[in-house]
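Participant: Right, I'll just put the structure down here and ask away after.
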Amino acid sequence: MSTDRLTGDAAPAPEEAAPGSPEQTAPPVAAGSPGAPAGAATAAGQGGTDEAEAPAGEGTSGRRTGQGGAEAGGDTGASGEAVAGNGAPAPDGHDTAGGPESSGASAEADARNSTPAPDGHDAAGGPESSGGGGKGRRSVAAEALAAAVRAVESGERSAASFFNDAPAPRPAAPAAPAAPAAPRERARAAAPSSAPAPVRPPSARPARGPGGEVPGSGGIREVLAAGGAPEALAGKVAETLGEHAAEALREDPWQLLAVPGVRPDQADGFARSLLGPACEPGDERRALALTGWLLERAALEGHTALESSALRDALAKASVPDPDEALRTAIAEGAVLVFQDALDAPAGVRPRAAEDEDAEQPVRVLLGLDRYALAEESLADGLARLASTFAPAQDGEASPGEAEWERAAAAAPSPSAAELIRSVAAHGLVAHSGGEAARAEPAALVAAVRAMGLRAYAAAHTEDGRRRLAAALSESPSAGPDVVAAPGRDAGPGAGPDEARETIPAAVTVAGLLADAEGPGRDEEGALALDLLVVLDAPQLDVETAAMLVESLPDGARLVLSGDPGVLWSAGPGRVFADLVAARRCPQVVSRTPDPGPIGELVSGIGIGELSQVEAPGKEVVIVPVRDAGEAVHRTVQLVADSVPRAIGVPPEQTQVITPGHGGAAGTRALNAALKDRLNPGPGRFGGFDPGDRVAYTPAPGRAVPGTVVSADAEGLHLDCAGTPVVVEREEVGELVRHGWALTAHQAAGARWPAAVVVLPGDATAGLTRAWVYTAFGRGELHLSVVHGADAALPRAVAEIPFKDRTTRLRALLQAQVPPAPTG
């Protein structure tokens with residue numbers, strides 16, 4: 001491993017490259033004293049919770065209670081850092097300039113929820129709100145859940161009756177994400193069938209009038225002005241709260257908290273201006289809005305629920321006079337749901353005997369929003385359904401097709417691939433883990449199952465992952481992925497039987513599969529027309545996407561979740577793959593295929609907590625020490641533009657820069673500005689962009705699609721995203737597109753480049769974790785340069801901080817519903 005510079009690399013210049021100034025944003029709404037303007041908005045897009053594997057010894061039972069027991073249950077510390085009152089930064093360093101990127105979609109959401117930076121590509125936007133923030137507002141599904149809880153509490157029904165009832169028939173067509181040209185994105189693809197597709201169903205935006213104004217915006221602007229908030233916020237308010245937003249805000253000013261980018265102190269100032277002396281910290285409306293806001297913030301950090309103690313403490317920090325009463329009110333109003341998870345017995349403590357009925361089992365009380373509760377429970381139900389699909393064969397009895405599966409295993413290219421094929425033959429749900437080289441094993445499984453005449457597909461997280469998967473299926477990426485003959489899609493009027501069996505690509509993306517833009521399509525019941533689905537990059541699945549995916553699988557299908565347990569978890573809430581592995585409720589195949597070369601050796605060591613020097617005779621790994629952020633920017637530009645092309649032979653357009661956060665003197669914004677000045681200088685006439693700029697297009701929160709600017713006109717910004725032309729309308733550019741020479745590790749997860757330059761400035765080390773380092777260092781195929789200014793923080797993170805934990809319920813739900821997987 002070289003520790004200075006590449007061959008022929010010039011010595012660092014004594015002066016700093018212009019890194020750009022730290023992020024500054026304008027306040028989106030007023031706050032402070034009644035009628036006075038608010039302070040500046042929170043800094044956009046920094047934070048630091050990157051995480052990897054599943055923790056051991058977490059809760060088990062997953063029972064829900066309708067009791068208002070916000071004061072019950074102990075704090076296990078899993079979620080204490082998840083929330084902070086009054087919009088203050090969380091203790092782990094979120095929302096600090098130059099801080100590490102936020103876990104989940106929070107870095108993206110924070111960046112997109114603030115006012116655009118001068119370069120024009122960091123405008124507001126962000127994840128969909130869970131509702132208008134109205135008092136007592138909840139979905140039909142939540143009403144059903146609440147009714148079930150009340151029935152159990154009153155003795156009308158037993159809890160067991162809900163599990164003994166016959167299951168409802170499968171709906172005719174489960175909701176799937178919209179097609180690529182979605183109204184929410186307002187991005188029209190020139191070739192709709194191949195355009196990037198959103199993972200989640202987009203929320204419908206209000207239709208605009210002839211002048212481009214949302215109906216009712218006039219009344220909203222009047223209310224905003226009366227509350228001292230910027231009238232420019234009217235469009236986002238109408239989008240979030242609906243056509244009656246003005247009336248809703250007059251009745252409950254704290255509903256403004258549901259609008260992305262609004263902080264509690266700003267909503268308080270708005271309410272004081274409207275309500276005058278009637279505005280009090282203990283107002284029930286304020287407590288309800290704050291509770292929902294805190295849980296949404298926690299979801300951006302990856303949590304699907306929070307412990308009652310953590311939420312109570314956060315409400316106290318937000319100056320709620322009686323947090324316990326506030327939580328009881330929120331529960332009674334249906335704003336939050338309550339759950340109890342049984343805790344594992346501490347080490348050295350004798351487990352409770354089955355006959356000891358009087359002994360109390362310790363539990364933790366969790367509070368969550370119905371949106372994530374329903375997704376997590378739906379996912380657990382679906383995984384349980386799949387896990388019970390194939391009953392074990394009786395002694396001496398051969399299962400149907402066993403001989404054919406055994407022949408396929410015997411012909412597998414590696415022992416790990418053979419083990420995977422045998423496990424899938426006998427089970428409907430299988431977990432497979434391994435590094436980059438292990439992706440050949442799921443590919444071998446898909447090929448073997450197709451050879452049996454079954455409908456098998458493999459889905460990757462990114463388009464780059466799909467192309468690599470296609471290559472593993474022995475097909476050229478340029479010629480498209482492997483294809484199979486799949487019945488069920490009509491070839492057109494008058495087509496014969498052979499023509500009706502359309503050849504469909506076997507390698508797809510998760511987003512394209514759910515949007516019905518890729519894959520086999522759906523059967524008459526609305527389920528995907530397949531027999532086996534292998535999902536690669538499974539750690540990138542959030543609970544909502546995973547729930548939609550599992551719900552779309554037909555009865556009798558097999559599912560394999562495959563991924564590297566060392567990488568960062570999903571951008572959205574949950575830790576699906578880690579919870580599945582930790583639950584031990586399905587067979588787990590661990591690959592024995594190591595990643596090759598110096599980079600593979602380095603990353604494998606990081607995965608077990610060791611940061612060791614590796615031999616890199618071909619300069620596959622180079623360490624470039626720097627003194628400060630300014631020098632880090634200068635050396636990064638030098639590496640991308642000159643050193644790596646000259647010494648390694650990888651051009652700048654095939655080198656990806658990865659840094660911990662968006663803000664700060666060496667964040668993505670500063671690095672992208674410097675790289676644009678060197679690689680593609682221009683005036684940035686269209687929202688800061690010029691033809692030839694590398695960009696990251698974000699069709700949905702947490703998904704970054706690499707692309708290049710082709711042109712711009714009155715229609716919008718024209719992009720080339722991996723060969724797919726996409727047009728982003730003018731008003732959406734600031735929200736959906738940002739420069740992409742430099743990305744965060746979460747944005748880069750699931751993709752690889754010939755060369756990667758990882759920047760570790762000294763001011764962005766507070767939230768470094770082993771998972772972040774593992775993910776970032778593993779993005780380079782041929783070469784890795786590390787611009788190292790983190791000093792001892794890097795080895796300390798690798799050795800001592802495996803991940804930032806998330807509070808979820810999936811593991812407990814699975815352990816309650818599915819018997820333990822057979823061992824041996």
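Note on naming: chains are A, B, ... as they come in the structure tokens, residues start from 1 per chain, ligands start from 1 in the order shown.
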If we count only C-alpha atoms, what is near Gln654 in chain A at a cut-off of 10 Å, once residues fewer than 6 positions away on the same chain are taken out, given as a list of chain:residue names?
Facilitator: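 Near Gln654 in chain A, the qualifying residues are A:Val640, A:Pro645, A:Trp741, A:Arg752, A:Trp753, A:Pro754, A:Ala755, A:Ala756, A:Gly780.
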Participant: When you look at range 245-250 of chain A with a cut-off of 10 Å (counting only C-alpha atoms), what residues show up, excluding the ones that are within fewer than 5 positions of it in the same chain? I need them as a compact mmCIF listing (two decimals) with N, CA, C and O atoms, in the first residue's frame.
Facilitator:
# COMPACT_ATOMS: atom_id res chain seq x y z
N GLY A 132 -50.95 15.24 6.73
CA GLY A 132 -51.02 16.66 6.93
C GLY A 132 -50.74 17.11 8.32
O GLY A 132 -50.72 18.27 8.60
N GLY A 133 -50.47 16.18 9.21
CA GLY A 133 -50.22 16.58 10.57
C GLY A 133 -51.48 16.95 11.32
O GLY A 133 -51.43 17.50 12.39
N GLY A 134 -52.64 16.66 10.75
CA GLY A 134 -53.89 17.03 11.39
C GLY A 134 -54.14 16.24 12.65
O GLY A 134 -53.70 15.13 12.83
N LYS A 135 -54.88 16.81 13.53
CA LYS A 135 -55.16 16.20 14.82
C LYS A 135 -55.99 14.94 14.62
O LYS A 135 -57.06 14.96 14.06
N GLY A 216 -55.76 27.54 -4.52
CA GLY A 216 -55.81 27.79 -3.09
C GLY A 216 -54.56 28.42 -2.52
O GLY A 216 -54.51 28.71 -1.33
N SER A 217 -53.53 28.63 -3.37
CA SER A 217 -52.28 29.19 -2.87
C SER A 217 -52.47 30.61 -2.35
O SER A 217 -51.73 31.04 -1.45
N GLY A 218 -53.46 31.34 -2.91
CA GLY A 218 -53.67 32.71 -2.46
C GLY A 218 -54.03 32.75 -0.98
O GLY A 218 -53.47 33.54 -0.20
N GLY A 219 -54.97 31.90 -0.57
CA GLY A 219 -55.33 31.85 0.84
C GLY A 219 -54.20 31.37 1.72
O GLY A 219 -54.03 31.84 2.85
N ILE A 220 -53.40 30.45 1.21
CA ILE A 220 -52.26 29.96 1.98
C ILE A 220 -51.25 31.07 2.18
O ILE A 220 -50.69 31.24 3.28
N ARG A 221 -51.00 31.86 1.13
CA ARG A 221 -50.03 32.96 1.27
C ARG A 221 -50.50 33.97 2.31
O ARG A 221 -49.69 34.51 3.07
N GLU A 222 -51.80 34.22 2.37
CA GLU A 222 -52.31 35.14 3.37
C GLU A 222 -52.05 34.64 4.79
O GLU A 222 -51.63 35.38 5.67
N VAL A 223 -52.28 33.34 5.00
CA VAL A 223 -52.04 32.77 6.33
C VAL A 223 -50.56 32.80 6.66
O VAL A 223 -50.16 33.14 7.79
N LEU A 224 -49.72 32.45 5.69
CA LEU A 224 -48.29 32.46 5.93
C LEU A 224 -47.81 33.87 6.26
O LEU A 224 -46.99 34.06 7.17
N ALA A 226 -49.55 36.26 7.58
CA ALA A 226 -50.03 36.62 8.91
C ALA A 226 -49.18 36.00 10.00
O ALA A 226 -49.03 36.58 11.09
N GLY A 227 -48.60 34.85 9.72
CA GLY A 227 -47.75 34.18 10.70
C GLY A 227 -46.29 34.52 10.58
O GLY A 227 -45.46 33.94 11.29
N ALA A 234 -45.80 28.64 0.06
CA ALA A 234 -47.19 28.27 -0.20
C ALA A 234 -47.30 26.99 -1.02
O ALA A 234 -48.16 26.15 -0.75
N VAL A 237 -46.66 23.97 1.14
CA VAL A 237 -47.75 23.80 2.10
C VAL A 237 -48.95 23.17 1.42
O VAL A 237 -49.58 22.25 1.95
N ALA A 238 -49.30 23.67 0.23
CA ALA A 238 -50.43 23.10 -0.50
C ALA A 238 -50.18 21.65 -0.87
O ALA A 238 -51.08 20.80 -0.79
N GLU A 239 -48.96 21.34 -1.25
CA GLU A 239 -48.62 19.97 -1.61
C GLU A 239 -48.73 19.04 -0.41
O GLU A 239 -49.16 17.89 -0.54
N THR A 240 -48.35 19.52 0.77
CA THR A 240 -48.34 18.68 1.96
C THR A 240 -49.69 18.57 2.63
O THR A 240 -50.14 17.48 3.00
N GLN A 255 -49.56 22.48 12.33
CA GLN A 255 -49.53 21.58 11.18
C GLN A 255 -48.45 21.99 10.18
O GLN A 255 -48.09 21.21 9.31
N LEU A 256 -47.95 23.19 10.32
CA LEU A 256 -46.85 23.61 9.46
C LEU A 256 -45.63 22.71 9.61
O LEU A 256 -44.80 22.60 8.70
N PHE A 270 -44.51 30.78 14.15
CA PHE A 270 -45.67 30.93 13.28
C PHE A 270 -46.96 30.86 14.12
O PHE A 270 -47.89 31.68 13.94
N ALA A 271 -47.01 29.91 15.05
CA ALA A 271 -48.21 29.78 15.88
C ALA A 271 -48.39 30.98 16.80
O ALA A 271 -49.51 31.45 17.01
N LEU A 274 -49.99 33.81 14.95
CA LEU A 274 -51.39 33.62 14.63
C LEU A 274 -52.28 33.59 15.87
O LEU A 274 -53.40 34.10 15.85
N LEU A 275 -51.79 32.96 16.93
CA LEU A 275 -52.64 32.75 18.10
C LEU A 275 -52.48 33.79 19.18
O LEU A 275 -53.36 33.93 20.03
Participant: Calculated over only C-alpha atoms, which of the candidates A:Glu800, A:Asp677, A:Asp693, A:Asp542 has the smallest distance to Ala299 in chain A?
Facilitator: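 Closest to Ala299 in chain A, using only C-alpha atoms: A:Asp542.
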Participant: Residues near Ala529 in chain A, anyone? I mean within 10 Å using only C-alpha atoms, not counting same-chain ones fewer than 2 positions away, as an MDAnalysis selection string.
Facilitator: chainID A and resid 455:456 486:489 519:527 531:532 552:554 557
Participant: Compile the contact shell of range 716-722 of chain A as an mmCIF file with N, CA and C atoms, in the first residue's frame: residues with an atom at most 10 Å away, counting only C-alpha atoms, same-chain residues fewer than 6 positions apart removed.
Facilitator:
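What follows is the written file result.cif:
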data_model
loop_
_atom_site.group_PDB
_atom_site.id
_atom_site.type_symbol
_atom_site.label_atom_id
_atom_site.label_comp_id
_atom_site.auth_asym_id
_atom_site.auth_seq_id
_atom_site.Cartn_x
_atom_site.Cartn_y
_atom_site.Cartn_z
ATOM 1 N N ALA A 187 -40.397 14.152 -14.202
ATOM 2 C CA ALA A 187 -39.293 13.893 -15.116
ATOM 3 C C ALA A 187 -39.813 12.952 -16.186
ATOM 4 N N ARG A 188 -39.761 13.355 -17.415
ATOM 5 C CA ARG A 188 -40.290 12.548 -18.500
ATOM 6 C C ARG A 188 -39.131 11.921 -19.244
ATOM 7 N N ALA A 189 -39.176 10.630 -19.361
ATOM 8 C CA ALA A 189 -38.124 9.927 -20.079
ATOM 9 C C ALA A 189 -38.466 9.862 -21.556
ATOM 10 N N ALA A 190 -37.453 10.063 -22.376
ATOM 11 C CA ALA A 190 -37.672 9.954 -23.810
ATOM 12 C C ALA A 190 -38.000 8.523 -24.196
ATOM 13 N N ALA A 195 -36.621 4.163 -18.536
ATOM 14 C CA ALA A 195 -36.241 5.279 -17.682
ATOM 15 C C ALA A 195 -36.137 4.833 -16.237
ATOM 16 N N PRO A 196 -35.311 5.500 -15.426
ATOM 17 C CA PRO A 196 -35.251 5.165 -14.001
ATOM 18 C C PRO A 196 -36.629 5.298 -13.367
ATOM 19 N N GLU A 463 -28.718 0.372 -11.390
ATOM 20 C CA GLU A 463 -28.507 -0.029 -12.777
ATOM 21 C C GLU A 463 -27.119 -0.611 -12.968
ATOM 22 N N ASP A 464 -26.128 -0.047 -12.285
ATOM 23 C CA ASP A 464 -24.777 -0.614 -12.359
ATOM 24 C C ASP A 464 -24.771 -2.036 -11.810
ATOM 25 N N PHE A 686 -28.021 26.734 -16.550
ATOM 26 C CA PHE A 686 -29.304 26.107 -16.227
ATOM 27 C C PHE A 686 -29.209 25.549 -14.812
ATOM 28 N N GLY A 687 -29.585 26.350 -13.834
ATOM 29 C CA GLY A 687 -29.587 25.897 -12.444
ATOM 30 C C GLY A 687 -28.231 25.467 -11.946
ATOM 31 N N PHE A 689 -25.897 24.054 -13.936
ATOM 32 C CA PHE A 689 -25.414 22.919 -14.720
ATOM 33 C C PHE A 689 -25.063 23.347 -16.139
ATOM 34 N N ASP A 690 -24.103 22.599 -16.725
ATOM 35 C CA ASP A 690 -23.695 22.770 -18.109
ATOM 36 C C ASP A 690 -23.629 21.412 -18.773
ATOM 37 N N PRO A 691 -23.740 21.351 -20.102
ATOM 38 C CA PRO A 691 -23.555 20.068 -20.793
ATOM 39 C C PRO A 691 -22.205 19.459 -20.446
ATOM 40 N N GLY A 692 -22.214 18.157 -20.178
ATOM 41 C CA GLY A 692 -21.001 17.457 -19.792
ATOM 42 C C GLY A 692 -20.830 17.296 -18.296
ATOM 43 N N ASP A 693 -21.625 17.985 -17.495
ATOM 44 C CA ASP A 693 -21.533 17.837 -16.041
ATOM 45 C C ASP A 693 -21.963 16.436 -15.621
ATOM 46 N N ARG A 694 -21.213 15.849 -14.698
ATOM 47 C CA ARG A 694 -21.657 14.614 -14.054
ATOM 48 C C ARG A 694 -22.659 14.975 -12.964
ATOM 49 N N VAL A 695 -23.755 14.226 -12.899
ATOM 50 C CA VAL A 695 -24.804 14.553 -11.945
ATOM 51 C C VAL A 695 -25.282 13.287 -11.251
ATOM 52 N N ALA A 696 -25.977 13.494 -10.137
ATOM 53 C CA ALA A 696 -26.704 12.436 -9.451
ATOM 54 C C ALA A 696 -28.179 12.809 -9.512
ATOM 55 N N TYR A 697 -28.955 12.018 -10.227
ATOM 56 C CA TYR A 697 -30.390 12.246 -10.383
ATOM 57 C C TYR A 697 -31.120 11.420 -9.326
ATOM 58 N N VAL A 705 -29.176 8.162 -9.020
ATOM 59 C CA VAL A 705 -28.875 7.551 -10.314
ATOM 60 C C VAL A 705 -27.813 8.406 -11.003
ATOM 61 N N PRO A 706 -26.618 7.876 -11.249
ATOM 62 C CA PRO A 706 -25.583 8.673 -11.929
ATOM 63 C C PRO A 706 -26.004 9.011 -13.352
ATOM 64 N N GLY A 707 -25.622 10.193 -13.792
ATOM 65 C CA GLY A 707 -25.945 10.619 -15.147
ATOM 66 C C GLY A 707 -25.032 11.731 -15.599
ATOM 67 N N THR A 708 -25.248 12.175 -16.829
ATOM 68 C CA THR A 708 -24.479 13.262 -17.428
ATOM 69 C C THR A 708 -25.437 14.228 -18.094
ATOM 70 N N VAL A 709 -25.182 15.517 -17.925
ATOM 71 C CA VAL A 709 -26.015 16.531 -18.566
ATOM 72 C C VAL A 709 -25.728 16.536 -20.062
ATOM 73 N N VAL A 710 -26.777 16.411 -20.861
ATOM 74 C CA VAL A 710 -26.640 16.443 -22.318
ATOM 75 C C VAL A 710 -26.911 17.849 -22.847
ATOM 76 N N VAL A 728 -35.675 16.331 -17.041
ATOM 77 C CA VAL A 728 -36.150 16.824 -15.752
ATOM 78 C C VAL A 728 -36.666 18.246 -15.960
ATOM 79 N N GLU A 729 -37.922 18.464 -15.656
ATOM 80 C CA GLU A 729 -38.516 19.772 -15.897
ATOM 81 C C GLU A 729 -37.804 20.855 -15.091
ATOM 82 N N ARG A 730 -37.899 22.065 -15.618
ATOM 83 C CA ARG A 730 -37.141 23.189 -15.084
ATOM 84 C C ARG A 730 -37.355 23.373 -13.579
ATOM 85 N N GLU A 731 -38.614 23.324 -13.127
ATOM 86 C CA GLU A 731 -38.869 23.596 -11.714
ATOM 87 C C GLU A 731 -38.450 22.445 -10.810
ATOM 88 N N GLU A 732 -38.112 21.279 -11.389
ATOM 89 C CA GLU A 732 -37.715 20.128 -10.588
ATOM 90 C C GLU A 732 -36.208 19.940 -10.516
ATOM 91 N N VAL A 733 -35.461 20.715 -11.276
ATOM 92 C CA VAL A 733 -34.015 20.488 -11.355
ATOM 93 C C VAL A 733 -33.365 20.643 -9.988
ATOM 94 N N VAL A 737 -31.797 16.962 -8.995
ATOM 95 C CA VAL A 737 -30.488 16.816 -9.633
ATOM 96 C C VAL A 737 -29.444 17.600 -8.833
#
Participant: Which distance in Å separates CA of Ala632 in chain A and CA of Val758 in chain A, to one decimal?
Facilitator: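 Distance between the two atoms: 10.2 Å.
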Participant: Hey, what's within 9 Å of range 747-751 of chain A if we count only C-alpha atoms and toss same-chain stuff fewer than 4 positions away? As number ranges by chain, please?
Facilitator: A: 460-465, 537, 540, 567-568, 571, 656, 658, 696, 702-705, 743, 775-776, 779
Participant: Given the choices A:Thr389, A:Thr636, A:Thr329, A:Thr655, which gets closest to Ala426 in chain A if the distance is worked out from only C-alpha atoms?
Facilitator: A:Thr389
Participant: Could you find all residues in range 415-622 of chain A that DSSP calls strand (DSSP E) from the backbone, and write them as a ChimeraX atom specification?
Facilitator: /A:429-433,456-460,483-486,502-505,507-509,532-535,558-563,588-590,621-622
Participant: List the spatial neighbours of Gly605 in chain A as a ChimeraX atom specification - criterion: any atom at most 10 Å away, only C-alpha atoms, same-chain residues fewer than 5 positions off excluded.
Facilitator: /A:599-600,610-614,774,798
Participant: Measure the distance from CA of Arg669 in chain A to CA of Thr744 in chain A in Å and round it to one decimal.
Facilitator: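 Between these atoms lies a distance of 10.6 Å.
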Participant: DSSP says alpha helix (DSSP H) for which residues of range 433-598 of chain A? Put them as a VMD selection string?
Facilitator: chain A and resid 440 to 451 463 to 472 497 to 500 510 to 514 543 to 551 576 to 583 597 to 598
Participant: Which residues, written as a PyMOL selection string, have at least one atom at most 8 Å from Asp381 in chain A, with only C-alpha atoms counted and residues fewer than 4 positions away on the same chain left out?
Facilitator: chain A and resi 377+385+817
Participant: Please produce a file of the residues just selected, as a PDB file, in the first residue's frame, where the atoms kept are C-alpha atoms.
Facilitator:
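Output below, filename again.pdb:
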ATOM      1  CA  GLU A 377     -45.808  -6.047   9.992  1.00  0.00           C
ATOM      2  CA  ARG A 385     -45.659 -16.956   4.401  1.00  0.00           C
ATOM      3  CA  GLN A 817     -44.267 -15.802  13.855  1.00  0.00           C
TER       4      GLN A 817
END
